[in-house]
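Data file: structure-v3.cif. Format and content: mmCIF, C-alpha atoms and all ligand atoms.
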```
data_target
#
loop_
_atom_site.group_PDB
_atom_site.id
_atom_site.type_symbol
_atom_site.label_atom_id
_atom_site.label_comp_id
_atom_site.auth_asym_id
_atom_site.auth_seq_id
_atom_site.Cartn_x
_atom_site.Cartn_y
_atom_site.Cartn_z
ATOM 1 C CA MET Q 1 77.546 51.881 150.395
ATOM 2 C CA ALA Q 2 79.642 49.938 147.896
ATOM 3 C CA GLU Q 3 82.418 51.903 146.234
ATOM 4 C CA LEU Q 4 81.288 53.777 143.190
ATOM 5 C CA THR Q 5 83.019 53.327 139.867
ATOM 6 C CA ARG Q 6 84.404 56.383 138.095
ATOM 7 C CA ASP Q 7 81.543 56.204 135.576
ATOM 8 C CA GLU Q 8 78.991 56.140 138.398
ATOM 9 C CA GLN Q 9 80.667 59.117 140.075
ATOM 10 C CA ILE Q 10 80.583 61.056 136.834
ATOM 11 C CA SER Q 11 76.899 60.358 136.243
ATOM 12 C CA ILE Q 12 76.024 61.422 139.806
ATOM 13 C CA LEU Q 13 77.906 64.680 139.284
ATOM 14 C CA LYS Q 14 76.216 65.211 135.912
ATOM 15 C CA GLU Q 15 72.806 64.848 137.553
ATOM 16 C CA LYS Q 16 73.715 67.291 140.317
ATOM 17 C CA LEU Q 17 74.954 69.808 137.749
ATOM 18 C CA ALA Q 18 71.840 69.398 135.598
ATOM 19 C CA SER Q 19 69.587 70.627 138.406
ATOM 20 C CA ALA Q 20 71.963 73.139 140.030
ATOM 21 C CA LYS Q 21 71.187 76.840 139.841
ATOM 22 C CA SER Q 22 74.460 77.865 141.441
ATOM 23 C CA VAL Q 23 77.868 76.262 140.971
ATOM 24 C CA ALA Q 24 81.346 77.224 142.155
ATOM 25 C CA VAL Q 25 84.568 75.738 140.830
ATOM 26 C CA LEU Q 26 87.983 76.090 142.440
ATOM 27 C CA THR Q 27 90.929 75.327 140.187
ATOM 28 C CA GLY Q 28 94.647 74.885 140.840
ATOM 29 C CA ALA Q 29 97.795 74.233 138.851
ATOM 30 C CA GLY Q 30 96.588 70.742 137.846
ATOM 31 C CA ILE Q 31 94.028 72.107 135.394
ATOM 32 C CA SER Q 32 96.797 73.795 133.406
ATOM 33 C CA ALA Q 33 99.179 70.828 133.572
ATOM 34 C CA GLU Q 34 97.778 69.345 130.353
ATOM 35 C CA SER Q 35 98.514 72.665 128.636
ATOM 36 C CA GLY Q 36 102.174 72.156 129.531
ATOM 37 C CA VAL Q 37 102.355 74.469 132.560
ATOM 38 C CA PRO Q 38 104.508 73.011 135.367
ATOM 39 C CA THR Q 39 102.659 72.502 138.663
ATOM 40 C CA PHE Q 40 104.132 73.757 141.941
ATOM 41 C CA ARG Q 41 104.561 70.652 144.003
ATOM 42 C CA GLY Q 42 105.013 68.051 141.287
ATOM 43 C CA LYS Q 43 108.488 66.857 140.290
ATOM 44 C CA ASP Q 44 108.402 69.509 137.553
ATOM 45 C CA GLY Q 45 107.938 72.259 140.167
ATOM 46 C CA LEU Q 46 111.588 73.111 140.019
ATOM 47 C CA TRP Q 47 113.429 75.924 138.307
ATOM 48 C CA LYS Q 48 117.209 75.572 138.209
ATOM 49 C CA GLN Q 49 117.983 74.278 141.709
ATOM 50 C CA TYR Q 50 115.152 76.261 143.324
ATOM 51 C CA ARG Q 51 111.748 75.121 144.455
ATOM 52 C CA ALA Q 52 109.041 77.328 142.917
ATOM 53 C CA THR Q 53 107.470 77.810 146.334
ATOM 54 C CA ASP Q 54 110.722 79.192 147.785
ATOM 55 C CA LEU Q 55 110.826 81.975 145.201
ATOM 56 C CA ALA Q 56 107.160 82.953 145.554
ATOM 57 C CA THR Q 57 107.791 84.955 148.714
ATOM 58 C CA PRO Q 58 108.280 88.638 149.544
ATOM 59 C CA GLU Q 59 111.457 87.657 151.415
ATOM 60 C CA ALA Q 60 113.005 86.140 148.286
ATOM 61 C CA PHE Q 61 112.097 89.253 146.294
ATOM 62 C CA ALA Q 62 113.537 91.594 148.928
ATOM 63 C CA GLN Q 63 116.731 89.584 149.119
ATOM 64 C CA ASP Q 64 117.293 89.004 145.415
ATOM 65 C CA PRO Q 65 114.786 90.711 143.105
ATOM 66 C CA ARG Q 66 116.890 89.853 140.053
ATOM 67 C CA LEU Q 67 116.637 86.120 140.790
ATOM 68 C CA VAL Q 68 112.887 86.276 141.429
ATOM 69 C CA TRP Q 69 112.368 88.298 138.232
ATOM 70 C CA GLU Q 70 114.486 85.797 136.309
ATOM 71 C CA PHE Q 71 112.148 83.072 137.588
ATOM 72 C CA TYR Q 72 108.981 84.985 136.592
ATOM 73 C CA ASN Q 73 110.449 85.942 133.208
ATOM 74 C CA TRP Q 74 111.150 82.263 132.613
ATOM 75 C CA ARG Q 75 107.567 81.386 133.536
ATOM 76 C CA ARG Q 76 106.198 84.111 131.240
ATOM 77 C CA GLU Q 77 108.319 82.687 128.450
ATOM 78 C CA VAL Q 78 107.073 79.137 129.124
ATOM 79 C CA LEU Q 79 103.446 80.326 129.253
ATOM 80 C CA LYS Q 80 103.406 82.614 126.233
ATOM 81 C CA PRO Q 81 102.982 79.943 123.497
ATOM 82 C CA LEU Q 82 100.755 77.663 125.611
ATOM 83 C CA LYS Q 83 96.994 77.427 125.274
ATOM 84 C CA PRO Q 84 94.004 76.418 127.391
ATOM 85 C CA ASN Q 85 93.128 72.698 127.179
ATOM 86 C CA PRO Q 86 89.813 70.756 127.011
ATOM 87 C CA GLY Q 87 89.451 71.061 130.815
ATOM 88 C CA HIS Q 88 89.378 74.868 130.583
ATOM 89 C CA PHE Q 89 86.979 74.787 127.639
ATOM 90 C CA ALA Q 90 84.583 72.415 129.410
ATOM 91 C CA LEU Q 91 84.264 75.005 132.183
ATOM 92 C CA VAL Q 92 83.380 77.665 129.601
ATOM 93 C CA GLU Q 93 80.564 75.458 128.326
ATOM 94 C CA LEU Q 94 79.405 74.735 131.881
ATOM 95 C CA GLU Q 95 79.231 78.448 132.690
ATOM 96 C CA LYS Q 96 76.793 78.898 129.782
ATOM 97 C CA ARG Q 97 74.454 76.266 131.230
ATOM 98 C CA ILE Q 98 74.406 77.267 134.911
ATOM 99 C CA PRO Q 99 72.503 80.402 135.960
ATOM 100 C CA ARG Q 100 75.000 81.354 138.650
ATOM 101 C CA PHE Q 101 78.514 80.143 137.965
ATOM 102 C CA THR Q 102 81.715 81.316 139.645
ATOM 103 C CA LEU Q 103 85.146 80.121 138.661
ATOM 104 C CA ILE Q 104 87.609 80.677 141.490
ATOM 105 C CA THR Q 105 91.191 80.021 140.469
ATOM 106 C CA GLN Q 106 94.530 79.957 142.220
ATOM 107 C CA ASN Q 107 96.279 80.047 138.865
ATOM 108 C CA ILE Q 108 97.991 83.156 137.598
ATOM 109 C CA ASP Q 109 98.221 82.041 133.961
ATOM 110 C CA GLY Q 110 95.001 83.764 132.853
ATOM 111 C CA PHE Q 111 93.863 80.668 130.906
ATOM 112 C CA HIS Q 112 90.280 80.740 132.212
ATOM 113 C CA HIS Q 113 89.858 84.218 130.709
ATOM 114 C CA THR Q 114 91.599 83.204 127.480
ATOM 115 C CA ALA Q 115 89.331 80.163 127.203
ATOM 116 C CA GLY Q 116 86.259 82.395 127.534
ATOM 117 C CA ASN Q 117 84.946 82.148 131.093
ATOM 118 C CA GLN Q 118 83.238 85.354 132.216
ATOM 119 C CA ASN Q 119 82.934 85.181 135.987
ATOM 120 C CA VAL Q 120 86.501 84.413 137.071
ATOM 121 C CA VAL Q 121 87.916 85.197 140.511
ATOM 122 C CA GLU Q 122 91.726 85.150 140.433
ATOM 123 C CA LEU Q 123 92.745 84.571 144.048
ATOM 124 C CA HIS Q 124 96.514 84.747 143.520
ATOM 125 C CA GLY Q 125 96.694 87.472 140.863
ATOM 126 C CA ASN Q 126 97.880 87.305 137.265
ATOM 127 C CA ILE Q 127 101.387 86.892 135.892
ATOM 128 C CA TRP Q 128 100.681 89.252 132.970
ATOM 129 C CA ARG Q 129 100.088 92.181 135.312
ATOM 130 C CA LEU Q 130 102.842 94.225 136.958
ATOM 131 C CA ARG Q 131 102.510 96.201 140.169
ATOM 132 C CA CYS Q 132 104.724 99.087 141.257
ATOM 133 C CA THR Q 133 106.379 98.565 144.639
ATOM 134 C CA GLY Q 134 106.431 102.372 145.021
ATOM 135 C CA CYS Q 135 103.136 103.882 143.871
ATOM 136 C CA GLY Q 136 101.078 100.691 143.557
ATOM 137 C CA THR Q 137 100.078 101.265 139.914
ATOM 138 C CA VAL Q 138 99.013 98.048 138.185
ATOM 139 C CA THR Q 139 99.533 97.595 134.442
ATOM 140 C CA GLU Q 140 99.084 94.738 132.011
ATOM 141 C CA ASP Q 141 102.251 93.889 130.084
ATOM 142 C CA ARG Q 142 102.808 90.796 127.967
ATOM 143 C CA THR Q 143 106.378 91.617 126.927
ATOM 144 C CA VAL Q 144 108.663 88.577 127.099
ATOM 145 C CA PRO Q 145 111.218 88.881 128.485
ATOM 146 C CA LEU Q 146 110.819 92.052 130.500
ATOM 147 C CA PRO Q 147 113.946 94.147 131.007
ATOM 148 C CA ASP Q 148 116.149 93.239 133.954
ATOM 149 C CA LEU Q 149 114.568 94.742 137.093
ATOM 150 C CA PRO Q 150 111.670 96.506 135.316
ATOM 151 C CA ALA Q 151 110.871 100.019 136.565
ATOM 152 C CA CYS Q 152 107.612 101.945 136.913
ATOM 153 C CA SER Q 153 107.049 104.494 134.136
ATOM 154 C CA LYS Q 154 105.341 106.839 136.616
ATOM 155 C CA CYS Q 155 107.674 106.887 139.597
ATOM 156 C CA GLY Q 156 110.714 104.802 138.608
ATOM 157 C CA ALA Q 157 110.383 102.315 141.482
ATOM 158 C CA LEU Q 158 110.869 98.578 140.973
ATOM 159 C CA LEU Q 159 107.945 96.649 139.501
ATOM 160 C CA ARG Q 160 106.893 93.218 140.753
ATOM 161 C CA PRO Q 161 104.547 90.583 139.350
ATOM 162 C CA ASP Q 162 100.962 91.310 140.475
ATOM 163 C CA VAL Q 163 100.637 87.964 142.210
ATOM 164 C CA VAL Q 164 100.097 86.907 145.822
ATOM 165 C CA TRP Q 165 103.146 85.445 147.527
ATOM 166 C CA PHE Q 166 103.297 83.384 150.725
ATOM 167 C CA GLY Q 167 102.635 85.483 153.804
ATOM 168 C CA GLU Q 168 100.850 88.166 151.777
ATOM 169 C CA MET Q 169 97.167 88.924 152.171
ATOM 170 C CA LEU Q 170 94.795 88.119 149.352
ATOM 171 C CA ASP Q 171 92.881 91.114 147.991
ATOM 172 C CA PRO Q 172 89.886 91.417 150.387
ATOM 173 C CA THR Q 173 87.431 92.303 147.588
ATOM 174 C CA ILE Q 174 88.457 89.236 145.625
ATOM 175 C CA LEU Q 175 88.302 87.013 148.682
ATOM 176 C CA GLU Q 176 84.830 88.305 149.458
ATOM 177 C CA ALA Q 177 83.646 87.512 145.921
ATOM 178 C CA ALA Q 178 84.920 83.949 146.375
ATOM 179 C CA TYR Q 179 83.227 83.452 149.763
ATOM 180 C CA GLU Q 180 79.984 84.846 148.450
ATOM 181 C CA ALA Q 181 79.993 82.320 145.623
ATOM 182 C CA LEU Q 182 80.692 79.486 148.074
ATOM 183 C CA GLN Q 183 77.838 80.572 150.267
ATOM 184 C CA PHE Q 184 75.291 80.205 147.487
ATOM 185 C CA SER Q 185 76.660 77.232 145.610
ATOM 186 C CA GLN Q 186 74.691 73.993 145.466
ATOM 187 C CA VAL Q 187 77.552 72.170 143.772
ATOM 188 C CA MET Q 188 81.251 72.871 144.078
ATOM 189 C CA MET Q 189 84.054 71.243 142.110
ATOM 190 C CA VAL Q 190 87.635 71.389 143.380
ATOM 191 C CA VAL Q 191 89.907 70.696 140.420
ATOM 192 C CA GLY Q 192 93.656 70.062 140.214
ATOM 193 C CA THR Q 193 94.805 71.553 143.481
ATOM 194 C CA SER Q 194 96.894 69.895 146.170
ATOM 195 C CA GLY Q 195 94.755 71.491 148.897
ATOM 196 C CA ILE Q 196 97.716 72.729 150.897
ATOM 197 C CA VAL Q 197 97.776 76.492 150.426
ATOM 198 C CA GLN Q 198 95.395 78.566 152.520
ATOM 199 C CA PRO Q 199 92.911 80.145 152.344
ATOM 200 C CA ALA Q 200 91.982 78.396 149.051
ATOM 201 C CA ALA Q 201 92.523 74.933 150.572
ATOM 202 C CA SER Q 202 89.591 75.374 152.966
ATOM 203 C CA MET Q 203 87.106 76.621 150.391
ATOM 204 C CA GLY Q 204 85.741 73.175 149.553
ATOM 205 C CA MET Q 205 84.975 72.561 153.235
ATOM 206 C CA ASN Q 206 83.439 76.033 153.538
ATOM 207 C CA ALA Q 207 81.041 75.199 150.728
ATOM 208 C CA LYS Q 208 80.311 71.751 152.181
ATOM 209 C CA ARG Q 209 79.466 73.246 155.562
ATOM 210 C CA GLN Q 210 77.033 75.588 153.837
ATOM 211 C CA GLY Q 211 75.295 72.625 152.230
ATOM 212 C CA ALA Q 212 77.001 72.289 148.859
ATOM 213 C CA PHE Q 213 77.684 68.941 147.196
ATOM 214 C CA VAL Q 214 81.471 69.045 146.876
ATOM 215 C CA VAL Q 215 83.454 67.034 144.347
ATOM 216 C CA GLU Q 216 87.197 66.753 143.932
ATOM 217 C CA ILE Q 217 88.714 66.065 140.522
ATOM 218 C CA ASN Q 218 92.411 65.277 140.780
ATOM 219 C CA LEU Q 219 95.014 62.954 139.367
ATOM 220 C CA GLU Q 220 96.246 62.054 142.832
ATOM 221 C CA ALA Q 221 94.959 61.883 146.398
ATOM 222 C CA THR Q 222 94.886 65.083 148.486
ATOM 223 C CA PRO Q 223 94.154 65.761 152.176
ATOM 224 C CA TYR Q 224 90.479 66.067 151.135
ATOM 225 C CA THR Q 225 90.172 62.763 149.310
ATOM 226 C CA GLY Q 226 87.452 60.817 151.136
ATOM 227 C CA VAL Q 227 86.260 63.975 152.883
ATOM 228 C CA TYR Q 228 84.247 65.576 150.084
ATOM 229 C CA ASP Q 229 81.084 64.006 148.678
ATOM 230 C CA LEU Q 230 82.868 62.558 145.649
ATOM 231 C CA ASN Q 231 86.496 62.215 144.631
ATOM 232 C CA ILE Q 232 86.919 61.575 140.946
ATOM 233 C CA GLN Q 233 90.398 60.456 140.079
ATOM 234 C CA GLY Q 234 91.754 61.401 136.676
ATOM 235 C CA LYS Q 235 93.053 64.176 134.480
ATOM 236 C CA SER Q 236 90.873 67.268 134.467
ATOM 237 C CA GLY Q 237 91.274 67.650 130.688
ATOM 238 C CA GLU Q 238 89.718 64.224 130.251
ATOM 239 C CA THR Q 239 87.206 64.301 133.116
ATOM 240 C CA LEU Q 240 85.612 67.755 132.790
ATOM 241 C CA PRO Q 241 84.475 67.293 129.152
ATOM 242 C CA LEU Q 242 82.599 64.142 130.254
ATOM 243 C CA LEU Q 243 80.335 66.326 132.416
ATOM 244 C CA LEU Q 244 78.807 68.079 129.419
HETATM 245 C C1 LIG Q 301 96.133 67.283 138.279
HETATM 246 C C2 LIG Q 301 96.648 67.153 136.984
HETATM 247 C C3 LIG Q 301 95.705 66.932 135.958
HETATM 248 C C4 LIG Q 301 98.303 67.473 138.294
HETATM 249 N N1 LIG Q 301 94.379 66.865 136.256
HETATM 250 N N2 LIG Q 301 94.824 67.208 138.550
HETATM 251 C C5 LIG Q 301 100.769 77.475 158.603
HETATM 252 C C6 LIG Q 301 99.532 76.892 158.653
HETATM 253 C C7 LIG Q 301 98.495 77.346 157.837
HETATM 254 C C8 LIG Q 301 98.688 78.387 156.954
HETATM 255 C C9 LIG Q 301 99.914 78.977 156.910
HETATM 256 C C10 LIG Q 301 100.940 78.516 157.726
HETATM 257 N N3 LIG Q 301 102.031 79.262 157.456
HETATM 258 C C11 LIG Q 301 101.718 80.154 156.508
HETATM 259 C C12 LIG Q 301 100.433 79.984 156.165
HETATM 260 C C13 LIG Q 301 99.697 80.747 155.148
HETATM 261 C C14 LIG Q 301 100.094 80.356 153.747
HETATM 262 C C15 LIG Q 301 99.899 78.858 153.540
HETATM 263 O O1 LIG Q 301 98.817 78.383 153.268
HETATM 264 N N4 LIG Q 301 100.963 78.072 153.625
HETATM 265 C C16 LIG Q 301 100.870 76.616 153.501
HETATM 266 C C17 LIG Q 301 101.946 76.124 152.539
HETATM 267 C C18 LIG Q 301 100.958 76.007 154.864
HETATM 268 N N5 LIG Q 301 99.212 81.123 152.886
HETATM 269 C C19 LIG Q 301 99.482 82.365 152.581
HETATM 270 O O2 LIG Q 301 100.511 82.905 152.918
HETATM 271 C C20 LIG Q 301 98.417 83.119 151.823
HETATM 272 N N6 LIG Q 301 98.173 84.332 152.509
HETATM 273 C C21 LIG Q 301 97.627 84.357 153.740
HETATM 274 O O3 LIG Q 301 97.212 83.341 154.268
HETATM 275 O O4 LIG Q 301 97.603 85.580 154.333
HETATM 276 C C22 LIG Q 301 97.321 85.623 155.750
HETATM 277 C C23 LIG Q 301 98.500 85.046 156.508
HETATM 278 C C24 LIG Q 301 99.760 85.549 156.332
HETATM 279 C C25 LIG Q 301 100.862 85.009 157.027
HETATM 280 C C26 LIG Q 301 100.691 83.922 157.883
HETATM 281 C C27 LIG Q 301 99.409 83.389 158.045
HETATM 282 C C28 LIG Q 301 98.327 83.952 157.363
HETATM 283 C C29 LIG Q 301 98.908 83.472 150.428
HETATM 284 C C30 LIG Q 301 99.122 82.253 149.594
HETATM 285 C C31 LIG Q 301 99.677 82.662 148.227
HETATM 286 C C32 LIG Q 301 100.102 81.445 147.407
HETATM 287 N N7 LIG Q 301 100.862 81.876 146.307
HETATM 288 C C33 LIG Q 301 101.294 80.925 145.300
HETATM 289 C C34 LIG Q 301 102.204 81.653 144.294
HETATM 290 C C35 LIG Q 301 101.383 82.563 143.400
HETATM 291 C C36 LIG Q 301 102.227 83.264 142.403
HETATM 292 C C37 LIG Q 301 102.910 82.319 141.460
HETATM 293 O O5 LIG Q 301 102.286 81.460 140.828
HETATM 294 O O6 LIG Q 301 104.112 82.456 141.332
HETATM 295 O O7 LIG Q 301 100.178 80.344 144.654
HETATM 296 S S1 LIG Q 301 102.117 79.500 145.983
HETATM 297 C C38 LIG Q 301 101.468 78.338 144.852
HETATM 298 O O8 LIG Q 301 100.620 77.383 145.517
HETATM 299 C C39 LIG Q 301 100.545 79.150 143.928
HETATM 300 C C40 LIG Q 301 99.389 78.225 143.773
HETATM 301 O O9 LIG Q 301 98.244 78.951 143.362
HETATM 302 C C41 LIG Q 301 99.258 77.612 145.133
HETATM 303 C C42 LIG Q 301 98.472 76.350 145.166
HETATM 304 O O10 LIG Q 301 99.078 75.343 144.432
HETATM 305 P P1 LIG Q 301 98.176 74.325 143.617
HETATM 306 O O11 LIG Q 301 97.429 75.038 142.557
HETATM 307 O O12 LIG Q 301 97.398 73.494 144.532
HETATM 308 O O13 LIG Q 301 99.311 73.476 142.845
HETATM 309 P P2 LIG Q 301 100.102 72.168 143.317
HETATM 310 O O14 LIG Q 301 101.266 72.013 142.405
HETATM 311 O O15 LIG Q 301 100.361 72.170 144.744
HETATM 312 O O16 LIG Q 301 99.069 70.979 143.046
HETATM 313 C C43 LIG Q 301 98.698 70.557 141.746
HETATM 314 C C44 LIG Q 301 97.632 69.494 141.904
HETATM 315 O O17 LIG Q 301 97.148 69.164 140.619
HETATM 316 C C45 LIG Q 301 98.129 68.197 142.538
HETATM 317 O O18 LIG Q 301 97.189 67.783 143.532
HETATM 318 C C46 LIG Q 301 98.140 67.197 141.369
HETATM 319 O O19 LIG Q 301 97.797 65.871 141.767
HETATM 320 C C47 LIG Q 301 97.059 67.763 140.500
HETATM 321 N N8 LIG Q 301 97.184 67.482 139.048
HETATM 322 N N9 LIG Q 301 97.988 67.251 136.989
HETATM 323 C C48 LIG Q 301 93.997 66.993 137.507
HETATM 324 N N10 LIG Q 301 96.099 66.772 134.626
HETATM 325 ZN ZN ZN Q 302 105.278 103.607 140.497
#
```
Could you spell out this file's structure in structure tokens?
Amino acid sequence: MAELTRDEQISILKEKLASAKSVAVLTGAGISAESGVPTFRGKDGLWKQYRATDLATPEAFAQDPRLVWEFYNWRREVLKPLKPNPGHFALVELEKRIPRFTLITQNIDGFHHTAGNQNVVELHGNIWRLRCTGCGTVTEDRTVPLPDLPACSKCGALLRPDVVWFGEMLDPTILEAAYEALQFSQVMMVVGTSGIVQPAASMGMNAKRQGAFVVEINLEATPYTGVYDLNIQGKSGETLPLLL
């Protein structure tokens, strides 16, 4: 088959969405890039001299909790004034039109909720929640910046961001909700993720194996470009609104 133009790809996807009863979307840092949030692996994925991915580990936190908290406080400060962009809002509109719609996100910025999506599965947690390393209590706290080495009001132990770091297990209930959505989806869109971090990276292939029509929307090529049913190149904030 001759190569499809971007316009042709978009109209194929629109048709698929128009008849779909069940749709899953997986988003990554790319969908928030147009809101001004730095991605992880782009050239902006640096904080001071550190790579973001080197600080998102339990080892880094154990070794230097102050440094890791400084990093997360900085990210909370960057995020606080930022807002969801047209890509997020297009997914809100899409959810209203599709009977069964699940938005699976790797992002911890909470923008899908802020934008107005209802059925959101946050695989990697949320930066606005804190979890006690002692008693496990989870609280929401939007204070910026948090005090140096914040402590639990119940037991006094050190708090950490309620996010999933490398080498940590994802919450099994959340993971199950994601897999269930993949199992039933007729169409899946994989938006703005580099497709490197597991288990999220394999979710598009999981859905494809179960019969879904899988589409990637990304500014750049990923390991899955040419593997899914369609790969639409472009910014998510410009591409997703075209699907409505
Ligand atoms: C645009 C755009 C625009 C830009 N429009 N697009 C060896 C082999 C296989 C697996 C492993 C292994 N060793 C270890 C593992 C497991 C590990 C893993 O996958 N590692 C890989 C790096 C190899 N995974 C885990 O540890 C997970 N847990 C787990 O598997 O438990 C079991 C286990 C334990 C131990 C060993 C083995 C198994 C947990 C993963 C948790 C990830 N956590 C983070 C941090 C969260 C908190 C925080 O934010 O601080 O999650 S890491 C970071 O990466 C963050 C992101 O959610 C995640 C994914 O990144 P994402 O979203 O894809 O962002 P980028 O920057 O990579 O990509 C942006 C994309 O957008 C690019 O493609 C751009 O082109 C595009 N883009 N602008 C559209 N406008
Ligand atoms: Zn506690």
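Residue nearest Gly30 (chain Q) within the list Q:Gly204, Q:Gly42, Q:Pro199, Q:Gly192: Q:Gly192 [criterion: smallest interatomic distance, only C-alpha atoms].
Distance-wise, CA of Ile104 (chain Q) and CA of Gly134 (chain Q) end up 28.9 Å apart.
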List the spatial neighbours of Leu123 (chain Q) as an MDAnalysis selection string - criterion: any atom at most 12 Å away, only C-alpha atoms, same-chain residues fewer than 6 positions off excluded.
chainID Q and resid 26:28 103:110 162:165 168:179 197:201 203
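The shortest atom-to-atom distance to ligand LIG 301 (chain Q), with all atoms listed in the file taken into account, belongs to Q:Lys235 out of Q:Lys48, Q:Lys154, Q:Lys235, Q:Arg6.
When only C-alpha atoms are used to compute distances to Ile196 (chain Q), the closest of the residues Q:Arg41, Q:Ser35, Q:Leu79, Q:Cys152 turns out to be Q:Arg41.
If all atoms listed in the file are the atoms counted, then among Q:Ala151, Q:Ala60, Q:Leu82, Q:Val138 the closest residue to ligand LIG 301 (chain Q) is Q:Ala60.
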Assuming the chain letters and numbering stay as they are in my file, what does the PyMOL selection byres (((chain Q and resi 149) around 7) and not hetatm) actually select? List them as number ranges by chain.
Q: 66, 69, 147-148, 150-151, 158
Name all residues at most 12 Å from region 10-18 of chain Q (count all atoms listed in the file; drop same-chain ones fewer than 6 positions away) and give them as a PyMOL selection string.
chain Q and resi 4+24-25+94-95+97-101+185-189+212-217+229-234+238-244
Take every atom of region 145-152 of chain Q listed in the file, fit an axis-aligned box around them, add 6 Å per side, and give the centre and edge lengths in Å to one decimal as JSON.
```
{"center_x": 111.9, "center_y": 95.4, "center_z": 132.8, "size_x": 20.5, "size_y": 25.1, "size_z": 20.6}
```
Hey, which residues sit close to ligand ZN 302 (chain Q)? Say within 7 Å, counting all atoms listed in the file, and write them as a PyMOL selection string.
chain Q and resi 132-137+152-157
Could you list, as a PyMOL selection string, every residue within 6 Å of Trp128 (chain Q), counting only C-alpha atoms and ignoring same-chain residues fewer than 3 positions away?
chain Q and resi 140-142
Step by step, work through what the PyMOL selection byres (((chain Q and resi 57) around 10) and not hetatm) selects in the shown file, and finish by giving those residues as a PyMOL selection string.
chain Q and resi 52-56+58-62+68+164-168
Of the candidates Q:Asn85, Q:Thr222, Q:Thr114, Q:Thr193, which shows the shortest atom-to-atom distance to Gly36 (chain Q), using all atoms listed in the file?
Q:Asn85
Taken to one decimal, the atom O7 of ligand LIG 301 (chain Q)-CA of Glu77 (chain Q) distance is 18.3 Å
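The residue that comes closest to ligand LIG 301 (chain Q), out of Q:Gly116, Q:Gly125, Q:Pro145, Q:Gly226 and on the basis of only C-alpha atoms and all ligand atoms, is Q:Gly125.
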